[in-house]
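Engineer: Quick one, entry17.cif (mmCIF, N, CA and C atoms):
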data_run
loop_
_atom_site.group_PDB
_atom_site.id
_atom_site.type_symbol
_atom_site.label_atom_id
_atom_site.label_comp_id
_atom_site.auth_asym_id
_atom_site.auth_seq_id
_atom_site.Cartn_x
_atom_site.Cartn_y
_atom_site.Cartn_z
ATOM 1 N N MET L 1 0.844 -1.167 0.000
ATOM 2 C CA MET L 1 0.000 0.000 0.000
ATOM 3 C C MET L 1 0.895 1.238 0.000
ATOM 4 N N PRO L 2 0.782 2.089 -0.991
ATOM 5 C CA PRO L 2 1.574 3.328 -0.997
ATOM 6 C C PRO L 2 1.242 4.182 0.222
ATOM 7 N N THR L 3 2.265 4.705 0.849
ATOM 8 C CA THR L 3 2.082 5.479 2.075
ATOM 9 C C THR L 3 2.950 6.726 2.037
ATOM 10 N N LEU L 4 2.345 7.858 2.376
ATOM 11 C CA LEU L 4 3.061 9.120 2.517
ATOM 12 C C LEU L 4 2.956 9.539 3.971
ATOM 13 N N ILE L 5 4.094 9.750 4.603
ATOM 14 C CA ILE L 5 4.129 10.204 5.991
ATOM 15 C C ILE L 5 4.697 11.615 6.001
ATOM 16 N N LEU L 6 3.939 12.538 6.567
ATOM 17 C CA LEU L 6 4.380 13.916 6.765
ATOM 18 C C LEU L 6 4.403 14.134 8.269
ATOM 19 N N ILE L 7 5.576 14.434 8.823
ATOM 20 C CA ILE L 7 5.716 14.486 10.277
ATOM 21 C C ILE L 7 6.690 15.584 10.673
ATOM 22 N N GLY L 8 6.451 16.145 11.830
ATOM 23 C CA GLY L 8 7.355 17.156 12.368
ATOM 24 C C GLY L 8 8.518 16.508 13.096
ATOM 25 N N ALA L 9 9.696 17.055 12.912
ATOM 26 C CA ALA L 9 10.878 16.524 13.597
ATOM 27 C C ALA L 9 10.747 16.656 15.111
ATOM 28 N N ALA L 10 10.000 17.660 15.567
ATOM 29 C CA ALA L 10 9.825 17.886 17.008
ATOM 30 C C ALA L 10 8.541 17.243 17.540
ATOM 31 N N ASP L 11 7.857 16.449 16.726
ATOM 32 C CA ASP L 11 6.610 15.813 17.150
ATOM 33 C C ASP L 11 6.906 14.913 18.342
ATOM 34 N N ASP L 12 6.249 15.180 19.455
ATOM 35 C CA ASP L 12 6.488 14.362 20.643
ATOM 36 C C ASP L 12 5.295 13.458 20.973
ATOM 37 N N GLN L 13 4.415 13.285 19.981
ATOM 38 C CA GLN L 13 3.361 12.277 20.104
ATOM 39 C C GLN L 13 3.665 11.094 19.192
ATOM 40 N N ALA L 14 4.102 11.369 17.981
ATOM 41 C CA ALA L 14 4.537 10.338 17.041
ATOM 42 C C ALA L 14 6.010 10.615 16.752
ATOM 43 N N SER L 15 6.845 9.650 16.925
ATOM 44 C CA SER L 15 8.294 9.837 16.803
ATOM 45 C C SER L 15 8.754 9.828 15.342
ATOM 46 N N ALA L 16 9.312 10.953 14.909
ATOM 47 C CA ALA L 16 9.847 11.020 13.546
ATOM 48 C C ALA L 16 10.949 9.975 13.317
ATOM 49 N N PRO L 17 11.898 9.797 14.254
ATOM 50 C CA PRO L 17 12.916 8.767 14.025
ATOM 51 C C PRO L 17 12.338 7.358 13.884
ATOM 52 N N VAL L 18 11.308 7.036 14.646
ATOM 53 C CA VAL L 18 10.681 5.715 14.524
ATOM 54 C C VAL L 18 10.031 5.582 13.145
ATOM 55 N N CYS L 19 9.355 6.644 12.696
ATOM 56 C CA CYS L 19 8.741 6.608 11.362
ATOM 57 C C CYS L 19 9.804 6.468 10.274
ATOM 58 N N GLN L 20 10.915 7.187 10.418
ATOM 59 C CA GLN L 20 11.996 7.082 9.436
ATOM 60 C C GLN L 20 12.555 5.668 9.401
ATOM 61 N N HIS L 21 12.704 5.053 10.548
ATOM 62 C CA HIS L 21 13.202 3.674 10.626
ATOM 63 C C HIS L 21 12.229 2.712 9.929
ATOM 64 N N MET L 22 10.929 2.916 10.160
ATOM 65 C CA MET L 22 9.917 2.077 9.524
ATOM 66 C C MET L 22 9.975 2.217 8.004
ATOM 67 N N VAL L 23 10.090 3.451 7.519
ATOM 68 C CA VAL L 23 10.148 3.687 6.078
ATOM 69 C C VAL L 23 11.410 3.066 5.485
ATOM 70 N N ALA L 24 12.535 3.213 6.173
ATOM 71 C CA ALA L 24 13.781 2.624 5.677
ATOM 72 C C ALA L 24 13.651 1.107 5.581
ATOM 73 N N GLY L 25 12.964 0.490 6.536
ATOM 74 C CA GLY L 25 12.772 -0.957 6.518
ATOM 75 C C GLY L 25 11.826 -1.418 5.428
ATOM 76 N N ALA L 26 10.944 -0.533 4.978
ATOM 77 C CA ALA L 26 9.974 -0.894 3.941
ATOM 78 C C ALA L 26 10.534 -0.717 2.537
ATOM 79 N N ARG L 27 11.625 -0.017 2.381
ATOM 80 C CA ARG L 27 12.180 0.219 1.048
ATOM 81 C C ARG L 27 12.479 -1.105 0.363
ATOM 82 N N GLY L 28 12.017 -1.218 -0.862
ATOM 83 C CA GLY L 28 12.222 -2.428 -1.625
ATOM 84 C C GLY L 28 11.135 -3.475 -1.398
ATOM 85 N N ARG L 29 10.338 -3.317 -0.350
ATOM 86 C CA ARG L 29 9.266 -4.267 -0.067
ATOM 87 C C ARG L 29 7.890 -3.641 -0.231
ATOM 88 N N SER L 30 7.834 -2.333 -0.353
ATOM 89 C CA SER L 30 6.561 -1.629 -0.371
ATOM 90 C C SER L 30 6.251 -1.103 -1.764
ATOM 91 N N ALA L 31 4.971 -0.858 -2.004
ATOM 92 C CA ALA L 31 4.533 -0.300 -3.283
ATOM 93 C C ALA L 31 4.897 1.173 -3.402
ATOM 94 N N GLY L 32 5.511 1.715 -2.417
ATOM 95 C CA GLY L 32 5.924 3.109 -2.448
ATOM 96 C C GLY L 32 5.636 3.790 -1.133
ATOM 97 N N THR L 33 6.660 3.979 -0.358
ATOM 98 C CA THR L 33 6.534 4.648 0.929
ATOM 99 C C THR L 33 7.469 5.834 0.913
ATOM 100 N N SER L 34 6.957 6.966 1.347
ATOM 101 C CA SER L 34 7.748 8.190 1.352
ATOM 102 C C SER L 34 7.507 8.928 2.658
ATOM 103 N N ILE L 35 8.534 9.612 3.141
ATOM 104 C CA ILE L 35 8.415 10.377 4.381
ATOM 105 C C ILE L 35 9.040 11.752 4.176
ATOM 106 N N VAL L 36 8.387 12.744 4.733
ATOM 107 C CA VAL L 36 8.920 14.104 4.771
ATOM 108 C C VAL L 36 8.932 14.515 6.236
ATOM 109 N N VAL L 37 10.090 14.926 6.735
ATOM 110 C CA VAL L 37 10.222 15.358 8.124
ATOM 111 C C VAL L 37 10.483 16.864 8.106
ATOM 112 N N TYR L 38 9.601 17.597 8.765
ATOM 113 C CA TYR L 38 9.698 19.058 8.803
ATOM 114 C C TYR L 38 10.451 19.491 10.057
ATOM 115 N N PRO L 39 11.613 20.125 9.894
ATOM 116 C CA PRO L 39 12.407 20.560 11.053
ATOM 117 C C PRO L 39 11.631 21.543 11.942
ATOM 118 N N GLY L 40 11.822 21.400 13.250
ATOM 119 C CA GLY L 40 11.237 22.333 14.203
ATOM 120 C C GLY L 40 9.718 22.341 14.238
ATOM 121 N N THR L 41 9.105 21.254 13.812
ATOM 122 C CA THR L 41 7.658 21.209 13.664
ATOM 123 C C THR L 41 7.060 20.174 14.612
ATOM 124 N N TYR L 42 5.927 20.529 15.230
ATOM 125 C CA TYR L 42 5.247 19.669 16.201
ATOM 126 C C TYR L 42 4.027 18.980 15.591
ATOM 127 N N HIS L 43 3.348 18.185 16.407
ATOM 128 C CA HIS L 43 2.124 17.494 16.021
ATOM 129 C C HIS L 43 1.055 18.522 15.639
ATOM 130 N N ASP L 44 0.154 18.149 14.755
ATOM 131 C CA ASP L 44 -0.925 19.026 14.269
ATOM 132 C C ASP L 44 -0.396 20.228 13.492
ATOM 133 N N PHE L 45 0.779 20.091 12.902
ATOM 134 C CA PHE L 45 1.366 21.205 12.153
ATOM 135 C C PHE L 45 0.486 21.676 11.014
ATOM 136 N N ASP L 46 -0.388 20.790 10.522
ATOM 137 C CA ASP L 46 -1.223 21.129 9.372
ATOM 138 C C ASP L 46 -2.593 21.681 9.764
ATOM 139 N N HIS L 47 -2.828 21.854 11.045
ATOM 140 C CA HIS L 47 -4.080 22.470 11.488
ATOM 141 C C HIS L 47 -4.142 23.900 10.938
ATOM 142 N N PRO L 48 -5.310 24.360 10.499
ATOM 143 C CA PRO L 48 -5.385 25.688 9.883
ATOM 144 C C PRO L 48 -4.927 26.836 10.784
ATOM 145 N N ASN L 49 -5.176 26.740 12.092
ATOM 146 C CA ASN L 49 -4.836 27.879 12.945
ATOM 147 C C ASN L 49 -4.786 27.463 14.410
ATOM 148 N N ARG L 50 -3.811 26.661 14.768
ATOM 149 C CA ARG L 50 -3.685 26.219 16.159
ATOM 150 C C ARG L 50 -2.419 26.828 16.758
ATOM 151 N N PRO L 51 -2.563 27.707 17.742
ATOM 152 C CA PRO L 51 -1.375 28.254 18.405
ATOM 153 C C PRO L 51 -0.575 27.126 19.069
ATOM 154 N N LEU L 52 0.719 27.291 19.139
ATOM 155 C CA LEU L 52 1.562 26.292 19.796
ATOM 156 C C LEU L 52 1.161 26.200 21.263
ATOM 157 N N GLN L 53 0.918 24.974 21.708
ATOM 158 C CA GLN L 53 0.497 24.749 23.086
ATOM 159 C C GLN L 53 0.980 23.386 23.551
ATOM 160 N N VAL L 54 0.965 23.186 24.854
ATOM 161 C CA VAL L 54 1.267 21.885 25.442
ATOM 162 C C VAL L 54 -0.054 21.323 25.942
ATOM 163 N N ARG L 55 -0.323 20.082 25.579
ATOM 164 C CA ARG L 55 -1.536 19.397 26.025
ATOM 165 C C ARG L 55 -1.130 18.204 26.879
ATOM 166 N N ALA L 56 -1.927 17.915 27.870
ATOM 167 C CA ALA L 56 -1.623 16.818 28.796
ATOM 168 C C ALA L 56 -2.720 15.761 28.736
ATOM 169 N N GLY L 57 -2.419 14.611 29.295
ATOM 170 C CA GLY L 57 -3.392 13.543 29.405
ATOM 171 C C GLY L 57 -3.434 12.605 28.214
ATOM 172 N N TYR L 58 -2.424 12.639 27.390
ATOM 173 C CA TYR L 58 -2.383 11.753 26.226
ATOM 174 C C TYR L 58 -1.883 10.370 26.638
ATOM 175 N N ALA L 59 -2.480 9.345 26.047
ATOM 176 C CA ALA L 59 -2.071 7.968 26.349
ATOM 177 C C ALA L 59 -0.654 7.708 25.879
ATOM 178 N N PHE L 60 -0.226 8.426 24.834
ATOM 179 C CA PHE L 60 1.125 8.220 24.326
ATOM 180 C C PHE L 60 1.820 9.554 24.124
ATOM 181 N N ALA L 61 2.972 9.660 24.681
ATOM 182 C CA ALA L 61 3.890 10.768 24.422
ATOM 183 C C ALA L 61 5.269 10.124 24.325
ATOM 184 N N VAL L 62 6.100 10.630 23.436
ATOM 185 C CA VAL L 62 7.408 10.017 23.201
ATOM 186 C C VAL L 62 8.183 9.859 24.510
ATOM 187 N N ASP L 63 8.076 10.842 25.414
ATOM 188 C CA ASP L 63 8.834 10.769 26.671
ATOM 189 C C ASP L 63 8.065 10.078 27.799
ATOM 190 N N GLY L 64 6.835 9.604 27.508
ATOM 191 C CA GLY L 64 6.058 8.887 28.511
ATOM 192 C C GLY L 64 5.311 9.780 29.493
ATOM 193 N N SER L 65 5.402 11.093 29.345
ATOM 194 C CA SER L 65 4.787 12.022 30.296
ATOM 195 C C SER L 65 3.292 12.231 30.072
ATOM 196 N N GLY L 66 2.803 11.895 28.884
ATOM 197 C CA GLY L 66 1.419 12.195 28.548
ATOM 198 C C GLY L 66 1.218 13.613 28.056
ATOM 199 N N LYS L 67 2.317 14.383 27.986
ATOM 200 C CA LYS L 67 2.263 15.764 27.507
ATOM 201 C C LYS L 67 2.853 15.850 26.104
ATOM 202 N N ILE L 68 2.148 16.578 25.238
ATOM 203 C CA ILE L 68 2.645 16.781 23.875
ATOM 204 C C ILE L 68 2.525 18.247 23.493
ATOM 205 N N HIS L 69 3.328 18.637 22.530
ATOM 206 C CA HIS L 69 3.221 19.967 21.926
ATOM 207 C C HIS L 69 2.391 19.833 20.660
ATOM 208 N N THR L 70 1.576 20.816 20.384
ATOM 209 C CA THR L 70 0.751 20.803 19.200
ATOM 210 C C THR L 70 0.601 22.234 18.695
ATOM 211 N N GLY L 71 0.617 22.399 17.388
ATOM 212 C CA GLY L 71 0.439 23.742 16.849
ATOM 213 C C GLY L 71 0.774 23.831 15.378
ATOM 214 N N THR L 72 0.148 24.778 14.743
ATOM 215 C CA THR L 72 0.319 25.004 13.313
ATOM 216 C C THR L 72 1.729 25.480 13.002
ATOM 217 N N ASN L 73 2.275 24.955 11.924
ATOM 218 C CA ASN L 73 3.513 25.472 11.341
ATOM 219 C C ASN L 73 3.144 25.882 9.917
ATOM 220 N N PRO L 74 3.002 27.185 9.657
ATOM 221 C CA PRO L 74 2.500 27.626 8.351
ATOM 222 C C PRO L 74 3.306 27.118 7.159
ATOM 223 N N ALA L 75 4.626 27.094 7.263
ATOM 224 C CA ALA L 75 5.441 26.648 6.129
ATOM 225 C C ALA L 75 5.255 25.148 5.878
ATOM 226 N N ALA L 76 5.265 24.352 6.937
ATOM 227 C CA ALA L 76 5.071 22.904 6.789
ATOM 228 C C ALA L 76 3.658 22.605 6.301
ATOM 229 N N ARG L 77 2.687 23.341 6.812
ATOM 230 C CA ARG L 77 1.296 23.153 6.378
ATOM 231 C C ARG L 77 1.162 23.434 4.880
ATOM 232 N N ALA L 78 1.734 24.532 4.431
ATOM 233 C CA ALA L 78 1.653 24.884 3.007
ATOM 234 C C ALA L 78 2.304 23.804 2.147
ATOM 235 N N ASP L 79 3.445 23.299 2.594
ATOM 236 C CA ASP L 79 4.117 22.241 1.839
ATOM 237 C C ASP L 79 3.248 20.977 1.794
ATOM 238 N N ALA L 80 2.671 20.611 2.930
ATOM 239 C CA ALA L 80 1.813 19.424 2.977
ATOM 240 C C ALA L 80 0.602 19.585 2.058
ATOM 241 N N LEU L 81 0.017 20.779 2.036
ATOM 242 C CA LEU L 81 -1.144 21.015 1.173
ATOM 243 C C LEU L 81 -0.780 20.939 -0.306
ATOM 244 N N ARG L 82 0.481 21.160 -0.641
ATOM 245 C CA ARG L 82 0.950 20.975 -2.022
ATOM 246 C C ARG L 82 1.224 19.499 -2.307
ATOM 247 N N ARG L 83 1.828 18.810 -1.343
ATOM 248 C CA ARG L 83 2.255 17.427 -1.556
ATOM 249 C C ARG L 83 1.111 16.416 -1.625
ATOM 250 N N VAL L 84 0.146 16.544 -0.739
ATOM 251 C CA VAL L 84 -0.889 15.507 -0.629
ATOM 252 C C VAL L 84 -1.682 15.335 -1.923
ATOM 253 N N PRO L 85 -2.180 16.403 -2.551
ATOM 254 C CA PRO L 85 -2.910 16.187 -3.817
ATOM 255 C C PRO L 85 -2.039 15.535 -4.900
ATOM 256 N N LYS L 86 -0.764 15.911 -4.963
ATOM 257 C CA LYS L 86 0.147 15.290 -5.933
ATOM 258 C C LYS L 86 0.298 13.807 -5.637
ATOM 259 N N TRP L 87 0.440 13.466 -4.352
ATOM 260 C CA TRP L 87 0.591 12.062 -3.956
ATOM 261 C C TRP L 87 -0.656 11.266 -4.340
ATOM 262 N N LEU L 88 -1.825 11.822 -4.050
ATOM 263 C CA LEU L 88 -3.067 11.115 -4.337
ATOM 264 C C LEU L 88 -3.350 10.992 -5.837
ATOM 265 N N ALA L 89 -2.821 11.908 -6.621
ATOM 266 C CA ALA L 89 -3.055 11.893 -8.064
ATOM 267 C C ALA L 89 -2.158 10.896 -8.796
ATOM 268 N N ARG L 90 -1.183 10.317 -8.100
ATOM 269 C CA ARG L 90 -0.254 9.380 -8.753
ATOM 270 C C ARG L 90 -0.957 8.163 -9.297
#
What's the structure tokens form of this structure?
Structural biologist:
Amino acid sequence: MPTLILIGAADDQASAPVCQHMVAGARGRSAGTSIVVYPGTYHDFDHPNRPLQVRAGYAFAVDGSGKIHTGTNPAARADALRRVPKWLAR
């Protein structure tokens, strides 16, 4: 199944390094897996207008605390909005 992963390097809910490792392991075995990691970007980077905030009470956080950062990154969001339609049109 072709898969496109767009993730923030600073995402502390879903680990970018773990995703990169998964994609590297799928190379040659998958119908097409691609990953884009946006530097300095947190979870929900593609939300239309979410101020950067810390949220608590999550079942999963990379550090185990239950706290994550979330917020819009305008540059990463714009790039994702360009990439996704191209990916789906393939």
Engineer: Quick one: apply the PyMOL selection byres ((chain L and resi 68) around 7) to the file and drop the selected residues here as a ChimeraX atom specification.
Structural biologist: /L:12-13,53-58,61,65-67,69-70
Engineer: Closest to L:Leu4 among L:Val18, L:Val62, L:Ile35, L:Ala24, using only C-alpha atoms?
Structural biologist: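 Selected residue with least distance to L:Leu4: L:Ile35.
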Engineer: Extract the full set of strand (DSSP E or B) residues from chain L according to DSSP on the backbone, and format it as a list in words.
Structural biologist: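 The residues of chain L classed as strand (DSSP E or B) are Thr3, Leu4, Ile5, Leu6, Ile7, Gly8, Thr33, Ser34, Ile35, Val36, Val37, Tyr38, His43, Gln53, Val54, Arg55, Ile68, His69 and Thr70 of chain L.
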Engineer: Please define a box with edges along x, y and z of the file around all atoms of stretch 3-12 of chain L given in the file, extend it by 8 Å on each side, and return its centre and edge lengths in Å to one decimal, as AutoDock Vina command-line options.
Structural biologist:
--center_x 6.5 --center_y 11.3 --center_z 10.9 --size_x 24.8 --size_y 29.2 --size_z 36.1
Engineer: Excluding L:Pro48 and residues on its chain fewer than 3 positions from it, collect all residues at most 12 Å away from it, counting only C-alpha atoms, and give them as a ChimeraX atom specification.
Structural biologist: /L:44-45,51,71-78,80-81
Engineer: Next, write the just-selected residues to a file, as a PDB file, in the coordinates of the input, keeping N, CA and C atoms as the atom set.
Structural biologist:
ATOM      1  N   ASP L  44       0.154  18.149  14.755  1.00  0.00           N
ATOM      2  CA  ASP L  44      -0.925  19.026  14.269  1.00  0.00           C
ATOM      3  C   ASP L  44      -0.396  20.228  13.492  1.00  0.00           C
ATOM      4  N   PHE L  45       0.779  20.091  12.902  1.00  0.00           N
ATOM      5  CA  PHE L  45       1.366  21.205  12.153  1.00  0.00           C
ATOM      6  C   PHE L  45       0.486  21.676  11.014  1.00  0.00           C
ATOM      7  N   PRO L  51      -2.563  27.707  17.742  1.00  0.00           N
ATOM      8  CA  PRO L  51      -1.375  28.254  18.405  1.00  0.00           C
ATOM      9  C   PRO L  51      -0.575  27.126  19.069  1.00  0.00           C
ATOM     10  N   GLY L  71       0.617  22.399  17.388  1.00  0.00           N
ATOM     11  CA  GLY L  71       0.439  23.742  16.849  1.00  0.00           C
ATOM     12  C   GLY L  71       0.774  23.831  15.378  1.00  0.00           C
ATOM     13  N   THR L  72       0.148  24.778  14.743  1.00  0.00           N
ATOM     14  CA  THR L  72       0.319  25.004  13.313  1.00  0.00           C
ATOM     15  C   THR L  72       1.729  25.480  13.002  1.00  0.00           C
ATOM     16  N   ASN L  73       2.275  24.955  11.924  1.00  0.00           N
ATOM     17  CA  ASN L  73       3.513  25.472  11.341  1.00  0.00           C
ATOM     18  C   ASN L  73       3.144  25.882   9.917  1.00  0.00           C
ATOM     19  N   PRO L  74       3.002  27.185   9.657  1.00  0.00           N
ATOM     20  CA  PRO L  74       2.500  27.626   8.351  1.00  0.00           C
ATOM     21  C   PRO L  74       3.306  27.118   7.159  1.00  0.00           C
ATOM     22  N   ALA L  75       4.626  27.094   7.263  1.00  0.00           N
ATOM     23  CA  ALA L  75       5.441  26.648   6.129  1.00  0.00           C
ATOM     24  C   ALA L  75       5.255  25.148   5.878  1.00  0.00           C
ATOM     25  N   ALA L  76       5.265  24.352   6.937  1.00  0.00           N
ATOM     26  CA  ALA L  76       5.071  22.904   6.789  1.00  0.00           C
ATOM     27  C   ALA L  76       3.658  22.605   6.301  1.00  0.00           C
ATOM     28  N   ARG L  77       2.687  23.341   6.812  1.00  0.00           N
ATOM     29  CA  ARG L  77       1.296  23.153   6.378  1.00  0.00           C
ATOM     30  C   ARG L  77       1.162  23.434   4.880  1.00  0.00           C
ATOM     31  N   ALA L  78       1.734  24.532   4.431  1.00  0.00           N
ATOM     32  CA  ALA L  78       1.653  24.884   3.007  1.00  0.00           C
ATOM     33  C   ALA L  78       2.304  23.804   2.147  1.00  0.00           C
ATOM     34  N   ALA L  80       2.671  20.611   2.930  1.00  0.00           N
ATOM     35  CA  ALA L  80       1.813  19.424   2.977  1.00  0.00           C
ATOM     36  C   ALA L  80       0.602  19.585   2.058  1.00  0.00           C
ATOM     37  N   LEU L  81       0.017  20.779   2.036  1.00  0.00           N
ATOM     38  CA  LEU L  81      -1.144  21.015   1.173  1.00  0.00           C
ATOM     39  C   LEU L  81      -0.780  20.939  -0.306  1.00  0.00           C
TER      40      LEU L  81
END
Engineer: Identify which of the residues L:Ala89, L:Val84, L:Met22, L:Ala10 lies closest to L:Tyr38, counting all atoms listed in the file when measuring atom-to-atom distances.
Structural biologist: L:Ala10
Engineer: Show me, as an NGL selection string, the residues that have an atom within 10 Å of L:Leu88 when counting only C-alpha atoms, minus same-chain residues fewer than 5 positions from it.
Structural biologist: :L and (2-4 or 83)
Engineer: Have a look at L:Ala16, L:Gly32, L:Tyr42, L:Val23 and name the one nearest to L:Met1; count only N, CA and C atoms.
Structural biologist: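 Among L:Ala16, L:Gly32, L:Tyr42, L:Val23, it is L:Gly32 that comes nearest to L:Met1.
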Engineer: Please identify which residues in stretch 2-56 of chain L DSSP calls helix (DSSP H, G or I) from the backbone, and express them as a PyMOL selection string.
Structural biologist: chain L and resi 16-26
Engineer: When you count all atoms listed in the file, which of these residues is closest to L:His43: L:Gly28, L:His21, L:Ala59, L:Ala9?
Structural biologist: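 Closest residue, counting all atoms listed in the file: L:Ala9.
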Engineer: As an mmCIF file, in the frame of the given file, could you write out stretch 22-30 of chain L once it has been completed with all heavy atoms?
Structural biologist:
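Listing of out08.cif after writing:
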data_model
loop_
_atom_site.group_PDB
_atom_site.id
_atom_site.type_symbol
_atom_site.label_atom_id
_atom_site.label_comp_id
_atom_site.auth_asym_id
_atom_site.auth_seq_id
_atom_site.Cartn_x
_atom_site.Cartn_y
_atom_site.Cartn_z
ATOM 1 N N MET L 22 10.929 2.916 10.160
ATOM 2 C CA MET L 22 9.917 2.077 9.524
ATOM 3 C C MET L 22 9.975 2.217 8.004
ATOM 4 O O MET L 22 9.937 1.227 7.275
ATOM 5 C CB MET L 22 8.531 2.463 10.022
ATOM 6 C CG MET L 22 7.413 1.681 9.385
ATOM 7 S SD MET L 22 5.775 2.301 9.822
ATOM 8 C CE MET L 22 5.783 3.903 9.014
ATOM 9 N N VAL L 23 10.090 3.451 7.519
ATOM 10 C CA VAL L 23 10.148 3.687 6.078
ATOM 11 C C VAL L 23 11.410 3.066 5.485
ATOM 12 O O VAL L 23 11.371 2.432 4.431
ATOM 13 C CB VAL L 23 10.055 5.195 5.759
ATOM 14 C CG1 VAL L 23 10.381 5.486 4.305
ATOM 15 C CG2 VAL L 23 8.658 5.708 6.102
ATOM 16 N N ALA L 24 12.535 3.213 6.173
ATOM 17 C CA ALA L 24 13.781 2.624 5.677
ATOM 18 C C ALA L 24 13.651 1.107 5.581
ATOM 19 O O ALA L 24 14.130 0.498 4.626
ATOM 20 C CB ALA L 24 14.944 3.006 6.592
ATOM 21 N N GLY L 25 12.964 0.490 6.536
ATOM 22 C CA GLY L 25 12.772 -0.957 6.518
ATOM 23 C C GLY L 25 11.826 -1.418 5.428
ATOM 24 O O GLY L 25 11.888 -2.563 4.988
ATOM 25 N N ALA L 26 10.944 -0.533 4.978
ATOM 26 C CA ALA L 26 9.974 -0.894 3.941
ATOM 27 C C ALA L 26 10.534 -0.717 2.537
ATOM 28 O O ALA L 26 9.967 -1.250 1.581
ATOM 29 C CB ALA L 26 8.715 -0.037 4.087
ATOM 30 N N ARG L 27 11.625 -0.017 2.381
ATOM 31 C CA ARG L 27 12.180 0.219 1.048
ATOM 32 C C ARG L 27 12.479 -1.105 0.363
ATOM 33 O O ARG L 27 13.055 -2.014 0.948
ATOM 34 C CB ARG L 27 13.446 1.063 1.143
ATOM 35 C CG ARG L 27 13.096 2.486 1.501
ATOM 36 C CD ARG L 27 14.003 3.507 0.856
ATOM 37 N NE ARG L 27 13.423 4.831 0.987
ATOM 38 C CZ ARG L 27 13.579 5.614 2.045
ATOM 39 N NH1 ARG L 27 14.309 5.227 3.064
ATOM 40 N NH2 ARG L 27 13.015 6.809 2.074
ATOM 41 N N GLY L 28 12.017 -1.218 -0.862
ATOM 42 C CA GLY L 28 12.222 -2.428 -1.625
ATOM 43 C C GLY L 28 11.135 -3.475 -1.398
ATOM 44 O O GLY L 28 11.026 -4.424 -2.156
ATOM 45 N N ARG L 29 10.338 -3.317 -0.350
ATOM 46 C CA ARG L 29 9.266 -4.267 -0.067
ATOM 47 C C ARG L 29 7.890 -3.641 -0.231
ATOM 48 O O ARG L 29 6.897 -4.340 -0.232
ATOM 49 C CB ARG L 29 9.363 -4.787 1.379
ATOM 50 C CG ARG L 29 10.618 -5.539 1.690
ATOM 51 C CD ARG L 29 10.602 -6.089 3.120
ATOM 52 N NE ARG L 29 10.576 -5.034 4.127
ATOM 53 C CZ ARG L 29 9.565 -4.832 4.970
ATOM 54 N NH1 ARG L 29 8.503 -5.587 4.957
ATOM 55 N NH2 ARG L 29 9.616 -3.860 5.859
ATOM 56 N N SER L 30 7.834 -2.333 -0.353
ATOM 57 C CA SER L 30 6.561 -1.629 -0.371
ATOM 58 C C SER L 30 6.251 -1.103 -1.764
ATOM 59 O O SER L 30 7.139 -0.889 -2.576
ATOM 60 C CB SER L 30 6.621 -0.462 0.617
ATOM 61 O OG SER L 30 5.463 0.331 0.513
#
